[in-house]
file structure28.cif (mmCIF, N, CA and C atoms)
data_run
#
loop_
_atom_site.label_atom_id
_atom_site.label_comp_id
_atom_site.auth_asym_id
_atom_site.auth_seq_id
_atom_site.Cartn_x
_atom_site.Cartn_y
_atom_site.Cartn_z
N MET J 15 -0.07 0.36 -11.91
CA MET J 15 -0.78 -0.89 -12.09
C MET J 15 -1.27 -1.37 -10.74
N GLN J 16 -2.51 -1.77 -10.66
CA GLN J 16 -3.10 -2.29 -9.42
C GLN J 16 -2.54 -3.68 -9.12
N LEU J 17 -2.32 -3.97 -7.85
CA LEU J 17 -1.80 -5.28 -7.49
C LEU J 17 -2.75 -6.39 -7.91
N ASP J 18 -4.07 -6.14 -7.84
CA ASP J 18 -5.04 -7.15 -8.25
C ASP J 18 -4.91 -7.49 -9.73
N ALA J 19 -4.51 -6.53 -10.53
CA ALA J 19 -4.39 -6.76 -11.97
C ALA J 19 -3.21 -7.67 -12.30
N LEU J 20 -2.33 -7.90 -11.36
CA LEU J 20 -1.16 -8.75 -11.61
C LEU J 20 -1.51 -10.23 -11.66
N ASN J 21 -2.73 -10.59 -11.30
CA ASN J 21 -3.14 -11.99 -11.34
C ASN J 21 -3.06 -12.58 -12.74
N GLU J 22 -3.10 -11.75 -13.78
CA GLU J 22 -3.03 -12.25 -15.15
C GLU J 22 -1.68 -12.89 -15.44
N PHE J 23 -0.69 -12.67 -14.58
CA PHE J 23 0.65 -13.24 -14.79
C PHE J 23 0.83 -14.54 -14.03
N ALA J 24 -0.26 -15.30 -13.86
CA ALA J 24 -0.18 -16.56 -13.11
C ALA J 24 0.69 -17.56 -13.85
N PHE J 25 1.41 -18.36 -13.09
CA PHE J 25 2.29 -19.39 -13.66
C PHE J 25 1.61 -20.74 -13.56
N GLU J 26 1.98 -21.63 -14.46
CA GLU J 26 1.42 -22.97 -14.44
C GLU J 26 1.86 -23.74 -13.21
N GLU J 27 3.11 -23.60 -12.81
CA GLU J 27 3.64 -24.33 -11.67
C GLU J 27 3.47 -23.48 -10.42
N SER J 28 2.75 -23.99 -9.44
CA SER J 28 2.43 -23.19 -8.27
C SER J 28 3.65 -22.77 -7.47
N ASP J 29 4.74 -23.59 -7.47
CA ASP J 29 5.92 -23.20 -6.70
C ASP J 29 6.69 -22.08 -7.37
N GLN J 30 6.38 -21.78 -8.63
CA GLN J 30 7.06 -20.71 -9.35
C GLN J 30 6.31 -19.38 -9.27
N GLN J 31 5.07 -19.42 -8.85
CA GLN J 31 4.25 -18.21 -8.86
C GLN J 31 4.71 -17.23 -7.77
N PRO J 32 5.12 -16.04 -8.19
CA PRO J 32 5.52 -15.05 -7.17
C PRO J 32 4.30 -14.51 -6.43
N ARG J 33 4.53 -14.10 -5.22
CA ARG J 33 3.49 -13.46 -4.42
C ARG J 33 3.81 -11.98 -4.39
N VAL J 34 2.85 -11.14 -4.75
CA VAL J 34 3.04 -9.69 -4.78
C VAL J 34 2.03 -9.06 -3.84
N TYR J 35 2.52 -8.21 -2.92
CA TYR J 35 1.62 -7.57 -1.98
C TYR J 35 2.22 -6.25 -1.50
N GLY J 36 1.37 -5.41 -0.97
CA GLY J 36 1.82 -4.17 -0.37
C GLY J 36 2.09 -4.37 1.11
N HIS J 37 3.14 -3.71 1.61
CA HIS J 37 3.50 -3.81 3.02
C HIS J 37 4.18 -2.52 3.46
N ASN J 38 3.55 -1.81 4.39
CA ASN J 38 4.10 -0.55 4.91
C ASN J 38 4.50 0.43 3.80
N GLY J 39 3.66 0.54 2.78
CA GLY J 39 3.93 1.48 1.70
C GLY J 39 4.85 0.98 0.61
N ALA J 40 5.39 -0.21 0.78
CA ALA J 40 6.28 -0.80 -0.23
C ALA J 40 5.53 -1.88 -1.00
N VAL J 41 6.07 -2.23 -2.15
CA VAL J 41 5.57 -3.40 -2.89
C VAL J 41 6.60 -4.50 -2.69
N VAL J 42 6.12 -5.65 -2.21
CA VAL J 42 6.99 -6.79 -1.95
C VAL J 42 6.69 -7.87 -2.98
N VAL J 43 7.75 -8.40 -3.59
CA VAL J 43 7.63 -9.49 -4.55
C VAL J 43 8.39 -10.67 -3.96
N GLU J 44 7.66 -11.71 -3.56
CA GLU J 44 8.29 -12.94 -3.06
C GLU J 44 8.48 -13.88 -4.23
N LEU J 45 9.72 -14.21 -4.53
CA LEU J 45 10.01 -15.16 -5.59
C LEU J 45 10.15 -16.54 -4.98
N HIS J 46 9.66 -17.54 -5.69
CA HIS J 46 9.64 -18.91 -5.18
C HIS J 46 10.30 -19.85 -6.17
N GLY J 47 10.87 -20.92 -5.66
CA GLY J 47 11.40 -21.97 -6.52
C GLY J 47 12.68 -21.59 -7.22
N GLU J 48 12.82 -22.09 -8.44
CA GLU J 48 14.03 -21.89 -9.22
C GLU J 48 13.95 -20.59 -10.01
N ILE J 49 14.98 -19.77 -9.88
CA ILE J 49 15.07 -18.52 -10.65
C ILE J 49 16.12 -18.75 -11.73
N ASP J 50 15.64 -19.19 -12.88
CA ASP J 50 16.49 -19.50 -14.02
C ASP J 50 15.97 -18.76 -15.25
N LEU J 51 16.41 -19.14 -16.43
CA LEU J 51 16.01 -18.43 -17.64
C LEU J 51 14.50 -18.48 -17.86
N LEU J 52 13.90 -19.63 -17.64
CA LEU J 52 12.45 -19.75 -17.81
C LEU J 52 11.72 -18.84 -16.82
N ALA J 53 12.17 -18.83 -15.58
CA ALA J 53 11.56 -17.95 -14.57
C ALA J 53 11.76 -16.49 -14.95
N TYR J 54 12.94 -16.14 -15.44
CA TYR J 54 13.18 -14.77 -15.88
C TYR J 54 12.18 -14.35 -16.96
N GLN J 55 11.99 -15.21 -17.94
CA GLN J 55 11.06 -14.90 -19.03
C GLN J 55 9.64 -14.74 -18.52
N ARG J 56 9.28 -15.48 -17.50
CA ARG J 56 7.93 -15.37 -16.94
C ARG J 56 7.80 -14.18 -15.99
N MET J 57 8.86 -13.82 -15.30
CA MET J 57 8.78 -12.78 -14.27
C MET J 57 9.01 -11.37 -14.79
N ALA J 58 9.75 -11.21 -15.87
CA ALA J 58 10.02 -9.87 -16.38
C ALA J 58 8.73 -9.09 -16.65
N PRO J 59 7.70 -9.69 -17.26
CA PRO J 59 6.46 -8.93 -17.47
C PRO J 59 5.77 -8.54 -16.16
N LEU J 60 6.00 -9.29 -15.11
CA LEU J 60 5.44 -8.96 -13.80
C LEU J 60 6.27 -7.87 -13.12
N MET J 61 7.58 -8.01 -13.18
CA MET J 61 8.47 -7.10 -12.48
C MET J 61 8.51 -5.70 -13.11
N ASP J 62 8.42 -5.62 -14.43
CA ASP J 62 8.55 -4.32 -15.09
C ASP J 62 7.50 -3.30 -14.63
N PRO J 63 6.22 -3.65 -14.55
CA PRO J 63 5.26 -2.65 -14.07
C PRO J 63 5.48 -2.28 -12.60
N ILE J 64 6.00 -3.21 -11.81
CA ILE J 64 6.24 -2.93 -10.40
C ILE J 64 7.45 -2.01 -10.24
N THR J 65 8.55 -2.36 -10.91
CA THR J 65 9.77 -1.56 -10.77
C THR J 65 9.67 -0.23 -11.49
N GLY J 66 8.78 -0.14 -12.46
CA GLY J 66 8.57 1.12 -13.16
C GLY J 66 7.37 1.89 -12.64
N GLY J 67 6.75 1.39 -11.59
CA GLY J 67 5.54 2.00 -11.05
C GLY J 67 5.81 3.16 -10.12
N THR J 68 4.90 3.36 -9.19
CA THR J 68 4.97 4.53 -8.31
C THR J 68 5.46 4.23 -6.90
N ALA J 69 5.65 2.96 -6.57
CA ALA J 69 6.11 2.62 -5.21
C ALA J 69 7.50 3.20 -4.97
N THR J 70 7.69 3.82 -3.81
CA THR J 70 9.00 4.39 -3.49
C THR J 70 9.99 3.32 -3.02
N THR J 71 9.47 2.19 -2.59
CA THR J 71 10.32 1.06 -2.20
C THR J 71 9.76 -0.21 -2.81
N VAL J 72 10.63 -0.97 -3.45
CA VAL J 72 10.30 -2.28 -3.99
C VAL J 72 11.23 -3.28 -3.30
N VAL J 73 10.65 -4.34 -2.76
CA VAL J 73 11.42 -5.37 -2.08
C VAL J 73 11.28 -6.66 -2.87
N ILE J 74 12.41 -7.26 -3.20
CA ILE J 74 12.41 -8.59 -3.81
C ILE J 74 12.89 -9.56 -2.76
N ASP J 75 12.00 -10.46 -2.37
CA ASP J 75 12.27 -11.42 -1.30
C ASP J 75 12.66 -12.76 -1.93
N LEU J 76 13.91 -13.16 -1.73
CA LEU J 76 14.43 -14.40 -2.29
C LEU J 76 14.48 -15.54 -1.28
N THR J 77 13.89 -15.36 -0.11
CA THR J 77 14.04 -16.37 0.94
C THR J 77 13.41 -17.71 0.59
N ARG J 78 12.50 -17.74 -0.38
CA ARG J 78 11.85 -19.00 -0.76
C ARG J 78 12.34 -19.53 -2.11
N THR J 79 13.47 -19.03 -2.57
CA THR J 79 14.03 -19.55 -3.81
C THR J 79 14.91 -20.75 -3.50
N THR J 80 14.94 -21.70 -4.43
CA THR J 80 15.73 -22.91 -4.24
C THR J 80 16.92 -22.99 -5.19
N PHE J 81 16.90 -22.17 -6.22
CA PHE J 81 17.98 -22.16 -7.22
C PHE J 81 18.03 -20.75 -7.79
N PHE J 82 19.24 -20.27 -8.05
CA PHE J 82 19.41 -18.90 -8.53
C PHE J 82 20.62 -18.86 -9.44
N ASP J 83 20.41 -18.52 -10.73
CA ASP J 83 21.55 -18.47 -11.65
C ASP J 83 21.69 -17.08 -12.25
N CYS J 84 22.46 -16.97 -13.33
CA CYS J 84 22.74 -15.67 -13.92
C CYS J 84 21.47 -14.97 -14.42
N SER J 85 20.45 -15.73 -14.75
CA SER J 85 19.18 -15.12 -15.15
C SER J 85 18.54 -14.40 -13.96
N GLY J 86 18.70 -14.97 -12.78
CA GLY J 86 18.23 -14.31 -11.57
C GLY J 86 19.00 -13.02 -11.31
N LEU J 87 20.29 -13.06 -11.56
CA LEU J 87 21.10 -11.84 -11.43
C LEU J 87 20.61 -10.77 -12.40
N ALA J 88 20.33 -11.18 -13.63
CA ALA J 88 19.83 -10.23 -14.63
C ALA J 88 18.50 -9.62 -14.18
N LEU J 89 17.65 -10.42 -13.59
CA LEU J 89 16.36 -9.93 -13.10
C LEU J 89 16.56 -8.89 -11.99
N LEU J 90 17.48 -9.16 -11.06
CA LEU J 90 17.75 -8.22 -9.98
C LEU J 90 18.39 -6.94 -10.49
N VAL J 91 19.34 -7.06 -11.40
CA VAL J 91 20.01 -5.87 -11.95
C VAL J 91 19.01 -5.01 -12.71
N ARG J 92 18.16 -5.64 -13.48
CA ARG J 92 17.12 -4.91 -14.22
C ARG J 92 16.18 -4.18 -13.25
N ALA J 93 15.76 -4.88 -12.21
CA ALA J 93 14.86 -4.27 -11.22
C ALA J 93 15.55 -3.11 -10.51
N HIS J 94 16.82 -3.27 -10.17
CA HIS J 94 17.57 -2.20 -9.52
C HIS J 94 17.67 -0.97 -10.42
N ARG J 95 18.04 -1.19 -11.67
CA ARG J 95 18.17 -0.08 -12.62
C ARG J 95 16.85 0.66 -12.79
N ARG J 96 15.76 -0.09 -12.95
CA ARG J 96 14.46 0.55 -13.19
C ARG J 96 13.97 1.33 -11.97
N THR J 97 14.20 0.83 -10.77
CA THR J 97 13.74 1.56 -9.58
C THR J 97 14.61 2.78 -9.31
N THR J 98 15.91 2.63 -9.42
CA THR J 98 16.79 3.76 -9.10
C THR J 98 16.71 4.86 -10.15
N GLU J 99 16.45 4.50 -11.40
CA GLU J 99 16.30 5.53 -12.44
C GLU J 99 15.15 6.49 -12.15
N ARG J 100 14.14 6.02 -11.44
CA ARG J 100 13.00 6.88 -11.13
C ARG J 100 13.04 7.38 -9.68
N GLY J 101 14.17 7.21 -9.02
CA GLY J 101 14.36 7.74 -7.69
C GLY J 101 13.79 6.89 -6.57
N ALA J 102 13.42 5.67 -6.88
CA ALA J 102 12.90 4.75 -5.86
C ALA J 102 14.03 3.88 -5.33
N ARG J 103 13.70 3.03 -4.38
CA ARG J 103 14.70 2.18 -3.73
C ARG J 103 14.33 0.72 -3.91
N LEU J 104 15.31 -0.11 -4.22
CA LEU J 104 15.12 -1.55 -4.31
C LEU J 104 15.85 -2.20 -3.15
N SER J 105 15.17 -3.11 -2.48
CA SER J 105 15.80 -3.90 -1.43
C SER J 105 15.67 -5.37 -1.79
N VAL J 106 16.69 -6.13 -1.46
CA VAL J 106 16.70 -7.57 -1.73
C VAL J 106 16.84 -8.30 -0.40
N VAL J 107 15.92 -9.23 -0.15
CA VAL J 107 15.99 -10.06 1.05
C VAL J 107 16.54 -11.42 0.63
N CYS J 108 17.65 -11.82 1.22
CA CYS J 108 18.27 -13.08 0.84
C CYS J 108 19.08 -13.63 2.01
N THR J 109 18.86 -14.90 2.30
CA THR J 109 19.65 -15.58 3.33
C THR J 109 20.32 -16.84 2.81
N HIS J 110 20.01 -17.22 1.58
CA HIS J 110 20.57 -18.44 1.00
C HIS J 110 22.07 -18.26 0.75
N ARG J 111 22.84 -19.12 1.34
CA ARG J 111 24.31 -19.03 1.29
C ARG J 111 24.86 -19.00 -0.13
N LEU J 112 24.36 -19.87 -1.00
CA LEU J 112 24.89 -19.92 -2.37
C LEU J 112 24.47 -18.70 -3.19
N THR J 113 23.27 -18.22 -2.99
CA THR J 113 22.83 -17.02 -3.69
C THR J 113 23.65 -15.82 -3.25
N LEU J 114 23.89 -15.71 -1.96
CA LEU J 114 24.73 -14.62 -1.45
C LEU J 114 26.14 -14.72 -2.01
N ARG J 115 26.63 -15.93 -2.17
CA ARG J 115 27.96 -16.13 -2.74
C ARG J 115 28.00 -15.65 -4.19
N ILE J 116 26.96 -15.96 -4.96
CA ILE J 116 26.89 -15.51 -6.36
C ILE J 116 26.89 -13.99 -6.40
N LEU J 117 26.12 -13.35 -5.52
CA LEU J 117 26.09 -11.89 -5.49
C LEU J 117 27.47 -11.32 -5.16
N ARG J 118 28.16 -11.96 -4.23
CA ARG J 118 29.49 -11.50 -3.83
C ARG J 118 30.51 -11.70 -4.96
N LEU J 119 30.50 -12.88 -5.57
CA LEU J 119 31.48 -13.19 -6.63
C LEU J 119 31.29 -12.32 -7.87
N THR J 120 30.07 -11.89 -8.13
CA THR J 120 29.81 -11.05 -9.29
C THR J 120 29.97 -9.57 -8.98
N GLY J 121 30.27 -9.25 -7.73
CA GLY J 121 30.45 -7.86 -7.35
C GLY J 121 29.16 -7.08 -7.17
N LEU J 122 28.03 -7.78 -7.07
CA LEU J 122 26.74 -7.10 -6.95
C LEU J 122 26.29 -6.84 -5.51
N THR J 123 27.00 -7.39 -4.55
CA THR J 123 26.61 -7.17 -3.16
C THR J 123 26.58 -5.69 -2.79
N PRO J 124 27.59 -4.89 -3.16
CA PRO J 124 27.54 -3.46 -2.81
C PRO J 124 26.41 -2.69 -3.51
N THR J 125 25.99 -3.18 -4.66
CA THR J 125 24.92 -2.52 -5.40
C THR J 125 23.55 -2.91 -4.86
N LEU J 126 23.34 -4.21 -4.65
CA LEU J 126 22.03 -4.71 -4.24
C LEU J 126 21.83 -4.72 -2.74
N LEU J 127 22.91 -4.71 -1.97
CA LEU J 127 22.86 -4.67 -0.51
C LEU J 127 21.83 -5.64 0.09
N PRO J 128 21.99 -6.94 -0.12
CA PRO J 128 21.01 -7.89 0.42
C PRO J 128 20.95 -7.85 1.94
N VAL J 129 19.75 -8.03 2.46
CA VAL J 129 19.51 -8.07 3.90
C VAL J 129 18.82 -9.38 4.26
N ALA J 130 18.80 -9.71 5.55
CA ALA J 130 18.31 -11.02 5.98
C ALA J 130 16.81 -11.08 6.23
N THR J 131 16.15 -9.94 6.44
CA THR J 131 14.73 -9.97 6.80
C THR J 131 13.95 -8.90 6.04
N LEU J 132 12.66 -9.13 5.92
CA LEU J 132 11.77 -8.15 5.31
C LEU J 132 11.76 -6.87 6.13
N GLU J 133 11.77 -6.99 7.44
CA GLU J 133 11.77 -5.82 8.30
C GLU J 133 12.99 -4.92 8.05
N LYS J 134 14.15 -5.56 7.88
CA LYS J 134 15.37 -4.81 7.59
C LYS J 134 15.28 -4.15 6.21
N ALA J 135 14.68 -4.82 5.25
CA ALA J 135 14.53 -4.26 3.91
C ALA J 135 13.63 -3.04 3.90
N LEU J 136 12.69 -2.99 4.83
CA LEU J 136 11.73 -1.88 4.87
C LEU J 136 12.20 -0.70 5.72
N GLU J 137 13.32 -0.86 6.39
CA GLU J 137 13.85 0.25 7.18
C GLU J 137 14.27 1.39 6.26
N ASP J 138 14.09 2.62 6.74
CA ASP J 138 14.54 3.78 5.97
C ASP J 138 16.05 3.83 5.95
N ASP J 139 16.58 4.38 4.87
CA ASP J 139 18.05 4.52 4.73
C ASP J 139 18.63 5.36 5.84
#
call {"tool": "encode", "arguments": {"input": "structure28.cif", "output": "structure tokens"}}
result
Amino acid sequence: MQLDALNEFAFEESDQQPRVYGHNGAVVVELHGEIDLLAYQRMAPLMDPITGGTATTVVIDLTRTTFFDCSGLALLVRAHRRTTERGARLSVVCTHRLTLRILRLTGLTPTLLPVATLEKALEDD
């Protein structure tokens, strides 16, 4: 799927609209605002073609999120499963203390391996 074609997934609320772009051969998805059930329902159609696409690295950048609940966890787990099933890599950028705590308490930190910067997420394994 072409990145330009993703414009059809525009959200009504501008702070909720994710930004999707290519960077150093990876596809980066910047999530904004609250990541809750409503955001999950809106983002899954956007994330599925990206995580199931041809990019060898997909980065989900959470640095601009203000709220993150179990629906956000489900979105990350789904993205991780879809990318790793096809041999690609998912990186998560996160610095928010409470979001990192949720990842740690749910045992997802070792799976998702969150990093603090986009540059770190784009580093080769």
call {"tool": "resolve_selection", "arguments": {"input": "structure28.cif", "expression": "the PyMOL selection byres ((chain J and resi 83-91) around 7)", "output": "list of chain:residue names"}}
result
J:Glu48, J:Ile49, J:Asp50, J:Leu51, J:Tyr54, J:Phe81, J:Phe82, J:Arg92, J:Ala93, J:His94, J:Arg95, J:Arg96
call {"tool": "write_last_selection", "arguments": {"input": "structure28.cif", "atoms": "N, CA and C atoms", "output": "short mmCIF file (atom, residue, chain, number, x, y, z; two decimals), in the coordinates of the input"}}
result
data_model
loop_
_atom_site.label_atom_id
_atom_site.label_comp_id
_atom_site.auth_asym_id
_atom_site.auth_seq_id
_atom_site.Cartn_x
_atom_site.Cartn_y
_atom_site.Cartn_z
N GLU J 48 12.82 -22.09 -8.44
CA GLU J 48 14.03 -21.89 -9.22
C GLU J 48 13.95 -20.59 -10.01
N ILE J 49 14.98 -19.77 -9.88
CA ILE J 49 15.07 -18.52 -10.65
C ILE J 49 16.12 -18.75 -11.73
N ASP J 50 15.64 -19.19 -12.88
CA ASP J 50 16.49 -19.50 -14.02
C ASP J 50 15.97 -18.76 -15.25
N LEU J 51 16.41 -19.14 -16.43
CA LEU J 51 16.01 -18.43 -17.64
C LEU J 51 14.50 -18.48 -17.86
N TYR J 54 12.94 -16.14 -15.44
CA TYR J 54 13.18 -14.77 -15.88
C TYR J 54 12.18 -14.35 -16.96
N PHE J 81 16.90 -22.17 -6.22
CA PHE J 81 17.98 -22.16 -7.22
C PHE J 81 18.03 -20.75 -7.79
N PHE J 82 19.24 -20.27 -8.05
CA PHE J 82 19.41 -18.90 -8.53
C PHE J 82 20.62 -18.86 -9.44
N ARG J 92 18.16 -5.64 -13.48
CA ARG J 92 17.12 -4.91 -14.22
C ARG J 92 16.18 -4.18 -13.25
N ALA J 93 15.76 -4.88 -12.21
CA ALA J 93 14.86 -4.27 -11.22
C ALA J 93 15.55 -3.11 -10.51
N HIS J 94 16.82 -3.27 -10.17
CA HIS J 94 17.57 -2.20 -9.52
C HIS J 94 17.67 -0.97 -10.42
N ARG J 95 18.04 -1.19 -11.67
CA ARG J 95 18.17 -0.08 -12.62
C ARG J 95 16.85 0.66 -12.79
N ARG J 96 15.76 -0.09 -12.95
CA ARG J 96 14.46 0.55 -13.19
C ARG J 96 13.97 1.33 -11.97
#
call {"tool": "resolve_selection", "arguments": {"input": "structure28.cif", "expression": "the PyMOL selection byres ((chain J and resi 106-119) around 8)", "output": "PyMOL selection string"}}
result
chain J and resi 72-79+81-83+87+103-105+120-124+126-132+134-135
call {"tool": "select_by_dssp", "arguments": {"input": "structure28.cif", "residues": "stretch 26-136 of chain J", "states": "strand (DSSP E)", "output": "number ranges by chain"}}
result
J: 33-37, 40-49, 71-82, 103-107
call {"tool": "resolve_selection", "arguments": {"input": "structure28.cif", "expression": "the PyMOL selection byres ((chain J and resi 41) around 6.5)", "output": "ChimeraX atom specification"}}
result
/J:35-37,39-40,42-43,69-74
call {"tool": "select_by_dssp", "arguments": {"input": "structure28.cif", "residues": "stretch 63-104 of chain J", "states": "alpha helix (DSSP H)", "output": "list of chain:residue names"}}
result
J:Pro63, J:Ile64, J:Thr65, J:Cys84, J:Ser85, J:Gly86, J:Leu87, J:Ala88, J:Leu89, J:Leu90, J:Val91, J:Arg92, J:Ala93, J:His94, J:Arg95, J:Arg96, J:Thr97, J:Thr98, J:Glu99
call {"tool": "atom_distance", "arguments": {"input": "structure28.cif", "atom1": "atom C of J:Asn38", "atom2": "atom CA of J:Leu136"}}
result
7.7 Å
call {"tool": "closest_residue", "arguments": {"input": "structure28.cif", "among": "J:Glu99, J:Thr125, J:Glu133, J:Arg33", "to": "J:Gly67", "atoms": "only C-alpha atoms"}}
result
J:Glu99
call {"tool": "atom_distance", "arguments": {"input": "structure28.cif", "atom1": "atom N of J:Ala102", "atom2": "atom N of J:Leu52"}}
result
27.5 Å
call {"tool": "atom_distance", "arguments": {"input": "structure28.cif", "atom1": "atom CA of J:Met61", "atom2": "atom CA of J:Gly101"}}
result
16.7 Å
call {"tool": "build_atoms", "arguments": {"input": "structure28.cif", "residues": "stretch 83-91 of chain J", "atoms": "all heavy atoms", "output": "PDB file, in the frame of the given file"}}
result
ATOM      1  N   ASP J  83      20.410 -18.520 -10.730  1.00  0.00           N
ATOM      2  CA  ASP J  83      21.550 -18.470 -11.650  1.00  0.00           C
ATOM      3  C   ASP J  83      21.690 -17.080 -12.250  1.00  0.00           C
ATOM      4  O   ASP J  83      21.123 -16.114 -11.748  1.00  0.00           O
ATOM      5  CB  ASP J  83      21.418 -19.558 -12.735  1.00  0.00           C
ATOM      6  CG  ASP J  83      20.299 -19.317 -13.737  1.00  0.00           C
ATOM      7  OD1 ASP J  83      19.640 -18.249 -13.694  1.00  0.00           O
ATOM      8  OD2 ASP J  83      20.074 -20.198 -14.587  1.00  0.00           O
ATOM      9  N   CYS J  84      22.460 -16.970 -13.330  1.00  0.00           N
ATOM     10  CA  CYS J  84      22.740 -15.670 -13.920  1.00  0.00           C
ATOM     11  C   CYS J  84      21.470 -14.970 -14.420  1.00  0.00           C
ATOM     12  O   CYS J  84      21.413 -13.745 -14.479  1.00  0.00           O
ATOM     13  CB  CYS J  84      23.774 -15.777 -15.034  1.00  0.00           C
ATOM     14  SG  CYS J  84      23.289 -16.847 -16.385  1.00  0.00           S
ATOM     15  N   SER J  85      20.450 -15.730 -14.750  1.00  0.00           N
ATOM     16  CA  SER J  85      19.180 -15.120 -15.150  1.00  0.00           C
ATOM     17  C   SER J  85      18.540 -14.400 -13.960  1.00  0.00           C
ATOM     18  O   SER J  85      17.931 -13.347 -14.120  1.00  0.00           O
ATOM     19  CB  SER J  85      18.212 -16.175 -15.689  1.00  0.00           C
ATOM     20  OG  SER J  85      18.758 -16.795 -16.832  1.00  0.00           O
ATOM     21  N   GLY J  86      18.700 -14.970 -12.780  1.00  0.00           N
ATOM     22  CA  GLY J  86      18.230 -14.310 -11.570  1.00  0.00           C
ATOM     23  C   GLY J  86      19.000 -13.020 -11.310  1.00  0.00           C
ATOM     24  O   GLY J  86      18.417 -12.009 -10.926  1.00  0.00           O
ATOM     25  N   LEU J  87      20.290 -13.060 -11.560  1.00  0.00           N
ATOM     26  CA  LEU J  87      21.100 -11.840 -11.430  1.00  0.00           C
ATOM     27  C   LEU J  87      20.610 -10.770 -12.400  1.00  0.00           C
ATOM     28  O   LEU J  87      20.478  -9.606 -12.028  1.00  0.00           O
ATOM     29  CB  LEU J  87      22.576 -12.145 -11.727  1.00  0.00           C
ATOM     30  CG  LEU J  87      23.325 -12.987 -10.722  1.00  0.00           C
ATOM     31  CD1 LEU J  87      24.721 -13.296 -11.244  1.00  0.00           C
ATOM     32  CD2 LEU J  87      23.383 -12.310  -9.376  1.00  0.00           C
ATOM     33  N   ALA J  88      20.330 -11.180 -13.630  1.00  0.00           N
ATOM     34  CA  ALA J  88      19.830 -10.230 -14.630  1.00  0.00           C
ATOM     35  C   ALA J  88      18.500  -9.620 -14.180  1.00  0.00           C
ATOM     36  O   ALA J  88      18.272  -8.420 -14.361  1.00  0.00           O
ATOM     37  CB  ALA J  88      19.686 -10.908 -15.982  1.00  0.00           C
ATOM     38  N   LEU J  89      17.650 -10.420 -13.590  1.00  0.00           N
ATOM     39  CA  LEU J  89      16.360  -9.930 -13.100  1.00  0.00           C
ATOM     40  C   LEU J  89      16.560  -8.890 -11.990  1.00  0.00           C
ATOM     41  O   LEU J  89      15.921  -7.832 -11.994  1.00  0.00           O
ATOM     42  CB  LEU J  89      15.515 -11.093 -12.586  1.00  0.00           C
ATOM     43  CG  LEU J  89      14.067 -10.794 -12.249  1.00  0.00           C
ATOM     44  CD1 LEU J  89      13.276 -10.469 -13.508  1.00  0.00           C
ATOM     45  CD2 LEU J  89      13.455 -11.991 -11.539  1.00  0.00           C
ATOM     46  N   LEU J  90      17.480  -9.160 -11.060  1.00  0.00           N
ATOM     47  CA  LEU J  90      17.750  -8.220  -9.980  1.00  0.00           C
ATOM     48  C   LEU J  90      18.390  -6.940 -10.490  1.00  0.00           C
ATOM     49  O   LEU J  90      18.028  -5.836 -10.052  1.00  0.00           O
ATOM     50  CB  LEU J  90      18.650  -8.863  -8.924  1.00  0.00           C
ATOM     51  CG  LEU J  90      18.065 -10.014  -8.123  1.00  0.00           C
ATOM     52  CD1 LEU J  90      19.089 -10.522  -7.114  1.00  0.00           C
ATOM     53  CD2 LEU J  90      16.773  -9.620  -7.431  1.00  0.00           C
ATOM     54  N   VAL J  91      19.340  -7.060 -11.400  1.00  0.00           N
ATOM     55  CA  VAL J  91      20.010  -5.870 -11.950  1.00  0.00           C
ATOM     56  C   VAL J  91      19.010  -5.010 -12.710  1.00  0.00           C
ATOM     57  O   VAL J  91      18.990  -3.783 -12.579  1.00  0.00           O
ATOM     58  CB  VAL J  91      21.210  -6.265 -12.832  1.00  0.00           C
ATOM     59  CG1 VAL J  91      21.742  -5.085 -13.615  1.00  0.00           C
ATOM     60  CG2 VAL J  91      22.309  -6.874 -11.969  1.00  0.00           C
TER      61      VAL J  91
END
